[in-house]
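J.: My structure file query38.pdb, PDB, C-alpha atoms, is below:
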```
ATOM      1  CA  MET A  14      19.954  20.110 -20.343
ATOM      2  CA  ILE A  15      20.499  16.401 -20.526
ATOM      3  CA  TYR A  16      23.973  15.539 -21.739
ATOM      4  CA  ARG A  17      25.164  12.093 -22.542
ATOM      5  CA  ARG A  18      28.553  11.075 -21.281
ATOM      6  CA  PHE A  19      31.067   9.041 -23.192
ATOM      7  CA  TRP A  20      30.652   5.846 -21.313
ATOM      8  CA  GLY A  21      26.933   5.856 -21.855
ATOM      9  CA  PHE A  22      25.884   6.806 -18.359
ATOM     10  CA  PRO A  23      22.990   9.242 -18.515
ATOM     11  CA  SER A  24      23.207  12.236 -16.230
ATOM     12  CA  TRP A  25      22.014  15.729 -15.667
ATOM     13  CA  GLU A  26      24.736  18.315 -16.015
ATOM     14  CA  ALA A  27      24.330  21.892 -14.899
ATOM     15  CA  ARG A  28      26.768  24.525 -15.986
ATOM     16  CA  SER A  29      27.825  25.281 -12.431
ATOM     17  CA  PRO A  30      31.003  24.056 -10.747
ATOM     18  CA  PHE A  31      28.865  22.375  -8.114
ATOM     19  CA  ALA A  32      27.325  19.983 -10.624
ATOM     20  CA  GLU A  33      29.383  17.016  -9.450
ATOM     21  CA  LEU A  34      28.540  17.699  -5.824
ATOM     22  CA  GLU A  35      24.856  18.054  -6.620
ATOM     23  CA  ARG A  36      24.888  14.766  -8.412
ATOM     24  CA  MET A  37      26.635  13.003  -5.554
ATOM     25  CA  LYS A  38      24.193  14.501  -3.105
ATOM     26  CA  ARG A  39      21.294  13.205  -5.140
ATOM     27  CA  GLN A  40      22.798   9.755  -5.277
ATOM     28  CA  MET A  41      23.322   9.786  -1.511
ATOM     29  CA  ASP A  42      19.704  10.876  -1.022
ATOM     30  CA  ARG A  43      18.624   8.055  -3.202
ATOM     31  CA  LEU A  44      20.677   5.556  -1.209
ATOM     32  CA  MET A  45      19.267   6.862   2.061
ATOM     33  CA  GLU A  46      15.732   6.618   0.827
ATOM     34  CA  GLY A  47      16.444   3.143  -0.461
ATOM     35  CA  PHE A  48      16.859   2.079   3.176
ATOM     36  CA  SER A  49      13.584   3.564   4.291
ATOM     37  CA  GLY A  50      11.693   2.143   1.346
ATOM     38  CA  THR A  51      10.066   5.356   0.158
ATOM     39  CA  TYR A  52      10.138   6.348  -3.457
ATOM     40  CA  GLN A  53      12.891   8.725  -4.488
ATOM     41  CA  GLN A  54      12.356  12.424  -5.034
ATOM     42  CA  PRO A  55      11.468  13.505  -8.540
ATOM     43  CA  TYR A  56      14.411  15.310 -10.091
ATOM     44  CA  ALA A  57      12.845  18.268 -11.745
ATOM     45  CA  GLY A  58      10.122  18.802  -9.200
ATOM     46  CA  VAL A  59       7.659  19.733 -11.915
ATOM     47  CA  PHE A  60       4.429  18.039 -12.834
ATOM     48  CA  PRO A  61       4.201  15.768 -14.794
ATOM     49  CA  LEU A  62       6.991  13.323 -14.079
ATOM     50  CA  ILE A  63       8.327  11.867 -17.302
ATOM     51  CA  ASN A  64      10.268   8.882 -18.486
ATOM     52  CA  LEU A  65      12.493   9.635 -21.438
ATOM     53  CA  THR A  66      13.866   6.688 -23.384
ATOM     54  CA  GLU A  67      15.525   6.453 -26.756
ATOM     55  CA  ASN A  68      16.396   4.037 -29.500
ATOM     56  CA  THR A  69      18.425   4.661 -32.642
ATOM     57  CA  GLU A  70      15.449   6.135 -34.478
ATOM     58  CA  SER A  71      13.655   8.304 -31.965
ATOM     59  CA  PHE A  72      13.042   9.433 -28.419
ATOM     60  CA  VAL A  73       9.970   8.410 -26.498
ATOM     61  CA  ILE A  74       8.583  10.474 -23.633
ATOM     62  CA  ARG A  75       5.965   9.000 -21.365
ATOM     63  CA  ALA A  76       4.028  10.835 -18.685
ATOM     64  CA  GLU A  77       1.187   9.860 -16.394
ATOM     65  CA  LEU A  78      -1.717  12.233 -16.901
ATOM     66  CA  PRO A  79      -4.863  10.593 -15.567
ATOM     67  CA  GLY A  80      -8.077  12.471 -16.161
ATOM     68  CA  VAL A  81      -6.631  14.945 -18.660
ATOM     69  CA  ALA A  82      -8.639  15.390 -21.834
ATOM     70  CA  THR A  83      -6.790  15.701 -25.144
ATOM     71  CA  GLY A  84      -8.381  19.107 -25.636
ATOM     72  CA  ASP A  85      -6.776  20.357 -22.419
ATOM     73  CA  LEU A  86      -3.310  19.245 -23.439
ATOM     74  CA  ASP A  87      -0.896  21.334 -25.461
ATOM     75  CA  ILE A  88       2.338  19.851 -26.804
ATOM     76  CA  GLN A  89       4.888  21.883 -28.694
ATOM     77  CA  ALA A  90       8.162  20.799 -30.240
ATOM     78  CA  THR A  91      11.198  22.692 -31.410
ATOM     79  CA  ALA A  92      14.406  21.324 -32.839
ATOM     80  CA  ASN A  93      15.834  20.436 -29.457
ATOM     81  CA  SER A  94      13.072  20.603 -26.879
ATOM     82  CA  LEU A  95       9.547  19.535 -26.178
ATOM     83  CA  SER A  96       7.019  21.314 -24.010
ATOM     84  CA  ILE A  97       4.004  19.709 -22.399
ATOM     85  CA  SER A  98       1.390  21.922 -20.818
ATOM     86  CA  GLY A  99      -2.249  21.837 -20.022
ATOM     87  CA  GLU A 100      -4.794  21.577 -17.295
ATOM     88  CA  ARG A 101      -6.201  18.745 -15.286
ATOM     89  CA  ARG A 102      -9.806  19.344 -14.374
ATOM     90  CA  ILE A 103     -11.805  17.485 -11.805
ATOM     91  CA  PRO A 104     -15.496  17.738 -12.627
ATOM     92  CA  ALA A 105     -17.639  19.062  -9.798
ATOM     93  CA  GLU A 106     -19.866  16.548  -8.106
ATOM     94  CA  ASN A 107     -23.253  16.740  -6.507
ATOM     95  CA  LYS A 108     -23.070  19.679  -4.168
ATOM     96  CA  ASP A 109     -24.672  18.040  -1.193
ATOM     97  CA  ALA A 110     -22.200  15.209  -1.225
ATOM     98  CA  GLY A 111     -20.186  14.742   1.921
ATOM     99  CA  TRP A 112     -16.495  14.334   1.168
ATOM    100  CA  HIS A 113     -14.510  11.748   3.072
ATOM    101  CA  ARG A 114     -11.228  12.067   1.208
ATOM    102  CA  ARG A 115      -9.836  14.544  -1.256
ATOM    103  CA  GLU A 116      -6.429  13.419  -2.477
ATOM    104  CA  ARG A 117      -6.447  14.080  -6.193
ATOM    105  CA  GLU A 118      -5.237  17.434  -7.379
ATOM    106  CA  ALA A 119      -6.335  19.522 -10.287
ATOM    107  CA  GLY A 120      -4.717  22.514 -11.869
ATOM    108  CA  LYS A 121      -2.492  23.783 -14.638
ATOM    109  CA  PHE A 122       0.870  22.325 -15.488
ATOM    110  CA  SER A 123       3.644  23.171 -17.869
ATOM    111  CA  ARG A 124       6.977  21.524 -18.441
ATOM    112  CA  MET A 125       9.751  22.004 -20.958
ATOM    113  CA  ILE A 126      12.098  19.129 -21.644
ATOM    114  CA  ALA A 127      15.397  19.728 -23.386
ATOM    115  CA  LEU A 128      16.396  16.782 -25.551
ATOM    116  CA  PRO A 129      19.935  15.494 -25.924
ATOM    117  CA  SER A 130      19.943  15.419 -29.732
ATOM    118  CA  GLU A 131      18.291  17.318 -32.495
ATOM    119  CA  ILE A 132      14.867  16.105 -33.510
ATOM    120  CA  ASP A 133      12.461  16.598 -36.354
ATOM    121  CA  PRO A 134       9.531  18.595 -34.968
ATOM    122  CA  ASN A 135       7.337  17.833 -37.957
ATOM    123  CA  LYS A 136       7.205  14.137 -37.296
ATOM    124  CA  VAL A 137       6.390  14.128 -33.601
ATOM    125  CA  ASP A 138       3.521  11.817 -32.693
ATOM    126  CA  ALA A 139       1.596  11.994 -29.425
ATOM    127  CA  GLY A 140      -1.107   9.735 -28.015
ATOM    128  CA  LEU A 141      -3.010   9.791 -24.728
ATOM    129  CA  VAL A 142      -4.314   6.358 -23.807
ATOM    130  CA  ASN A 143      -5.660   5.288 -20.417
ATOM    131  CA  GLY A 144      -4.178   8.360 -18.828
ATOM    132  CA  ILE A 145      -0.648   7.776 -20.135
ATOM    133  CA  LEU A 146       0.776  10.221 -22.634
ATOM    134  CA  THR A 147       3.278   8.731 -25.074
ATOM    135  CA  VAL A 148       5.150  11.114 -27.348
ATOM    136  CA  THR A 149       7.334   9.582 -30.056
ATOM    137  CA  ILE A 150       9.940  12.011 -31.300
ATOM    138  CA  PRO A 151      11.954  10.949 -34.331
ATOM    139  CA  LYS A 152      15.527  12.136 -34.314
ATOM    140  CA  ALA A 153      16.752  14.425 -37.039
ATOM    141  CA  GLU A 154      18.635  12.601 -39.768
ATOM    142  CA  ILE A 155      21.940  14.172 -38.834
ATOM    143  CA  ALA A 156      21.535  13.093 -35.228
ATOM    144  CA  LYS A 157      21.186   9.402 -35.992
ATOM    145  CA  PRO A 158      24.319   7.328 -35.507
ATOM    146  CA  ARG A 159      26.079   6.546 -38.733
ATOM    147  CA  GLN A 160      28.565   3.806 -39.369
ATOM    148  CA  ILE A 161      31.854   5.156 -40.598
ATOM    149  CA  ALA A 162      33.982   2.799 -42.644
ATOM    150  CA  VAL A 163      37.666   2.920 -41.880
ATOM    151  CA  ARG A 164      39.932   2.915 -44.916
TER     152      ARG A 164
ATOM    153  CA  MET B   6     -13.553  32.670  -8.419
ATOM    154  CA  PRO B   7      -9.828  32.258  -7.766
ATOM    155  CA  ASP B   8      -7.587  31.494 -10.727
ATOM    156  CA  THR B   9      -6.767  27.884 -11.348
ATOM    157  CA  LYS B  10      -3.657  27.209  -9.384
ATOM    158  CA  ASP B  11      -0.732  25.282 -10.762
ATOM    159  CA  ILE B  12      -0.770  21.579 -10.113
ATOM    160  CA  LYS B  13       2.132  20.470  -7.965
ATOM    161  CA  VAL B  14       4.143  17.388  -8.557
ATOM    162  CA  ARG B  15       3.756  14.508  -6.188
ATOM    163  CA  GLU B  16       5.880  11.426  -6.284
ATOM    164  CA  LYS B  17       4.073   8.122  -6.555
ATOM    165  CA  GLN B  18       3.546   6.536  -3.193
ATOM    166  CA  GLU B  19       5.011   3.104  -2.985
ATOM    167  CA  VAL B  20       3.717   0.642  -0.435
ATOM    168  CA  THR B  21       5.208  -2.449   1.045
ATOM    169  CA  THR B  22       2.449  -4.977   1.444
ATOM    170  CA  LYS B  23       2.512  -7.525   4.213
ATOM    171  CA  ALA B  24       2.012 -10.447   1.883
ATOM    172  CA  GLU B  25       4.540 -10.785  -0.904
ATOM    173  CA  LEU B  26       3.302 -10.567  -4.445
ATOM    174  CA  THR B  27       3.587 -13.607  -6.641
ATOM    175  CA  THR B  28       4.954 -11.556  -9.521
ATOM    176  CA  PRO B  29       7.832  -9.136  -8.911
ATOM    177  CA  GLY B  30       7.254  -5.426  -9.257
ATOM    178  CA  MET B  31       6.509  -2.314  -7.286
ATOM    179  CA  VAL B  32       3.172  -1.548  -5.715
ATOM    180  CA  PHE B  33       1.751   1.950  -5.575
ATOM    181  CA  THR B  34      -1.107   3.622  -3.787
ATOM    182  CA  PRO B  35      -3.441   5.443  -6.134
ATOM    183  CA  GLN B  36      -4.781   8.844  -5.095
ATOM    184  CA  VAL B  37      -8.501   8.633  -4.364
ATOM    185  CA  ASP B  38     -11.400  10.954  -3.713
ATOM    186  CA  ILE B  39     -14.304   9.563  -1.746
ATOM    187  CA  PHE B  40     -17.629  11.224  -1.245
ATOM    188  CA  GLU B  41     -20.982  10.132  -0.020
ATOM    189  CA  THR B  42     -24.553  11.107  -0.768
ATOM    190  CA  GLU B  43     -27.717   9.747   0.774
ATOM    191  CA  LYS B  44     -28.033   6.933  -1.675
ATOM    192  CA  GLU B  45     -24.500   5.904  -2.499
ATOM    193  CA  LEU B  46     -20.800   6.124  -1.899
ATOM    194  CA  THR B  47     -18.579   7.164  -4.798
ATOM    195  CA  LEU B  48     -14.885   6.537  -5.069
ATOM    196  CA  LEU B  49     -12.671   8.108  -7.739
ATOM    197  CA  ALA B  50      -9.156   6.754  -8.140
ATOM    198  CA  ASP B  51      -6.332   7.906 -10.408
ATOM    199  CA  MET B  52      -4.887   4.775 -11.946
ATOM    200  CA  PRO B  53      -3.080   5.686 -15.170
ATOM    201  CA  GLY B  54      -2.209   2.807 -17.448
ATOM    202  CA  VAL B  55      -4.811   0.404 -16.085
ATOM    203  CA  THR B  56      -7.300  -1.132 -18.499
ATOM    204  CA  SER B  57     -10.559  -2.777 -17.518
ATOM    205  CA  ASP B  58      -9.246  -6.296 -17.939
ATOM    206  CA  LYS B  59      -6.426  -5.618 -15.503
ATOM    207  CA  LEU B  60      -8.594  -4.070 -12.822
ATOM    208  CA  ASN B  61      -9.834  -6.077  -9.874
ATOM    209  CA  ILE B  62     -12.391  -4.840  -7.356
ATOM    210  CA  ASP B  63     -13.187  -6.981  -4.366
ATOM    211  CA  LEU B  64     -15.584  -6.388  -1.495
ATOM    212  CA  ARG B  65     -15.779  -8.820   1.373
ATOM    213  CA  ASP B  66     -16.156  -8.441   5.108
ATOM    214  CA  ASN B  67     -16.699  -4.715   4.616
ATOM    215  CA  ILE B  68     -13.204  -4.350   3.159
ATOM    216  CA  LEU B  69     -12.990  -2.952  -0.347
ATOM    217  CA  THR B  70      -9.828  -3.889  -2.249
ATOM    218  CA  ILE B  71      -8.852  -2.234  -5.499
ATOM    219  CA  THR B  72      -6.039  -3.755  -7.530
ATOM    220  CA  GLY B  73      -4.934  -2.625 -10.954
ATOM    221  CA  ASP B  74      -2.101  -4.010 -13.052
ATOM    222  CA  VAL B  75      -0.156  -1.824 -15.427
ATOM    223  CA  ALA B  76       1.580  -3.147 -18.497
ATOM    224  CA  PRO B  77       5.264  -2.156 -18.487
ATOM    225  CA  SER B  78       5.425   0.924 -20.601
ATOM    226  CA  ALA B  79       8.866   0.937 -22.191
ATOM    227  CA  GLY B  80       9.090  -0.826 -25.511
ATOM    228  CA  SER B  81      11.933  -3.221 -26.131
ATOM    229  CA  GLY B  82      15.151  -1.899 -27.557
ATOM    230  CA  GLU B  83      14.808   1.428 -25.830
ATOM    231  CA  GLU B  84      17.535   2.836 -23.655
ATOM    232  CA  ASP B  85      16.655   4.879 -20.600
ATOM    233  CA  VAL B  86      17.796   8.480 -20.644
ATOM    234  CA  LEU B  87      15.797   9.925 -17.759
ATOM    235  CA  ILE B  88      13.437   7.956 -15.566
ATOM    236  CA  GLU B  89      11.414   9.907 -13.042
ATOM    237  CA  TYR B  90       8.683   7.480 -12.165
ATOM    238  CA  GLU B  91       8.333   3.741 -11.995
ATOM    239  CA  THR B  92       5.328   1.726 -13.026
ATOM    240  CA  GLY B  93       3.796  -1.099 -11.137
ATOM    241  CA  ARG B  94       0.517  -2.300  -9.875
ATOM    242  CA  PHE B  95      -1.914  -0.163  -7.902
ATOM    243  CA  PHE B  96      -3.336  -1.440  -4.656
ATOM    244  CA  ARG B  97      -5.535   0.128  -2.022
ATOM    245  CA  GLN B  98      -7.894  -1.144   0.619
ATOM    246  CA  PHE B  99     -10.690   0.592   2.474
ATOM    247  CA  THR B 100     -12.917  -0.416   5.319
ATOM    248  CA  LEU B 101     -16.475   0.552   4.572
ATOM    249  CA  SER B 102     -18.727   1.592   7.368
ATOM    250  CA  GLU B 103     -22.013   1.697   5.459
ATOM    251  CA  VAL B 104     -23.812  -1.391   4.346
ATOM    252  CA  ILE B 105     -23.322  -1.611   0.594
ATOM    253  CA  ASP B 106     -25.528  -3.409  -1.881
ATOM    254  CA  GLN B 107     -22.922  -5.624  -3.549
ATOM    255  CA  ASN B 108     -25.052  -6.504  -6.546
ATOM    256  CA  LYS B 109     -25.374  -2.953  -7.664
ATOM    257  CA  ILE B 110     -21.741  -1.854  -7.503
ATOM    258  CA  ASP B 111     -20.882   0.042 -10.660
ATOM    259  CA  ALA B 112     -17.353   0.592 -11.940
ATOM    260  CA  LYS B 113     -16.328   2.825 -14.813
ATOM    261  CA  LEU B 114     -12.757   3.187 -16.014
ATOM    262  CA  GLY B 115     -11.872   5.954 -18.425
ATOM    263  CA  ASP B 116      -8.716   8.018 -19.080
ATOM    264  CA  GLY B 117      -6.959   6.265 -16.244
ATOM    265  CA  VAL B 118      -9.586   7.300 -13.690
ATOM    266  CA  LEU B 119     -11.724   4.712 -11.935
ATOM    267  CA  ARG B 120     -15.183   5.767 -10.818
ATOM    268  CA  LEU B 121     -16.641   3.275  -8.400
ATOM    269  CA  THR B 122     -20.233   3.755  -7.306
ATOM    270  CA  LEU B 123     -21.336   1.792  -4.275
ATOM    271  CA  PRO B 124     -25.066   2.126  -3.652
ATOM    272  CA  LYS B 125     -26.195   1.769  -0.087
ATOM    273  CA  VAL B 126     -28.652  -0.907   0.850
ATOM    274  CA  GLU B 127     -32.175   0.466   0.890
ATOM    275  CA  LYS B 128     -32.783   0.229   4.578
ATOM    276  CA  ALA B 129     -29.561   2.080   5.355
ATOM    277  CA  THR B 130     -30.661   5.213   3.526
ATOM    278  CA  PRO B 131     -31.840   7.681   6.121
ATOM    279  CA  ARG B 132     -35.542   8.182   6.236
ATOM    280  CA  LYS B 133     -36.957  11.413   7.384
ATOM    281  CA  ILE B 134     -39.646  10.849   9.963
ATOM    282  CA  SER B 135     -42.140  13.661   9.883
ATOM    283  CA  ILE B 136     -43.627  14.751  13.155
ATOM    284  CA  LYS B 137     -47.269  15.604  13.135
ATOM    285  CA  ALA B 138     -48.795  17.755  15.801
ATOM    286  CA  ALA B 139     -50.792  15.653  18.233
TER     287      ALA B 139
END
```
Could the structure of this file be written out as structure tokens, please?
T.:
Amino acid sequence: MIYRRFWGFPSWEARSPFAELERMKRQMDRLMEGFSGTYQQPYAGVFPLINLTENTESFVIRAELPGVATGDLDIQATANSLSISGERRIPAENKDAGWHRREREAGKFSRMIALPSEIDPNKVDAGLVNGILTVTIPKAEIAKPRQIAVR
Amino acid sequence: MPDTKDIKVREKQEVTTKAELTTPGMVFTPQVDIFETEKELTLLADMPGVTSDKLNIDLRDNILTITGDVAPSAGSGEEDVLIEYETGRFFRQFTLSEVIDQNKIDAKLGDGVLRLTLPKVEKATPRKISIKAA
């Protein structure tokens, strides 16, 4: 689950007493890798990696899915989570081709993302353009911030 | 036929190039598949977020350079909740051993995948020499 803290700092929070230690360990790992210049480890360790951002109206999830056809992609939404699953296929080439490099991977993937606030699953919009999936998830009315006048 | 296995996550590979870039930003190495047939060399690169106007393919001195720029994805006014990958330009260079016909290089970009076909020069395609009995 992704919880938001009071001072606006986003963080993962597990329900175990070691959550703080895990978080500090991750930050130390990140610092160490910052010295060596390699990119940091993905947190969830599940394909695809996502970027979750929000504004007052909605959440936006972006994922890099090159070579995935919209027919092979399945997105489901509930009131507080979104699941992205599907399959990346690599079409077979000429069988007497000699391969020099084979770096791209194909296969099935499935990922469930718990969202910090309630959302409206009927208004979710998803688009796959140039290999980037963008899912716009409007927040439920009760989850939007409301100004409260002080008497 | 084995079942389709699950695709594993791989973090994007960042590179530090020797020459500094004029615009700030990270540089990544796209994953590529390269295969060769008698007539041509084909290169497939995963470059999500790159459109044809931002893609640059250069071949000189037998070095093939692929550069692709990605528009920053986050819209304005959005706060980050969880960021697992960064975006930046893609860059990769290859030294080609075959002689390539530069006029006939064909590039197709679709769904974030670049398909680059490099036909070999005619005289470099192997010719079978048949041996007749004397």
J.: Restrict the distance test to all atoms listed in the file, flag each residue of chain B within 10 Å of chain A, and return the flagged residues as a ChimeraX atom specification.
T.: /B:8-21,33,35-43,45-57,78-92,114-119
J.: What gap, in Å, lies between CA of Ala90 (chain A) and CA of Gly140 (chain A)?
T.: 14.6 Å
J.: What does the distance between CA of Arg97 (chain B) and CA of Asp74 (chain B) come to in Å, to one decimal place?
T.: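 Taking CA of Arg97 (chain B) as the start and CA of Asp74 (chain B) as the end point, the length is 12.3 Å.
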J.: Which distance in Å separates CA of Asp66 (chain B) and CA of Val104 (chain B), to one decimal?
T.: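 Pair CA of Asp66 (chain B) / CA of Val104 (chain B) returns 10.4 Å.
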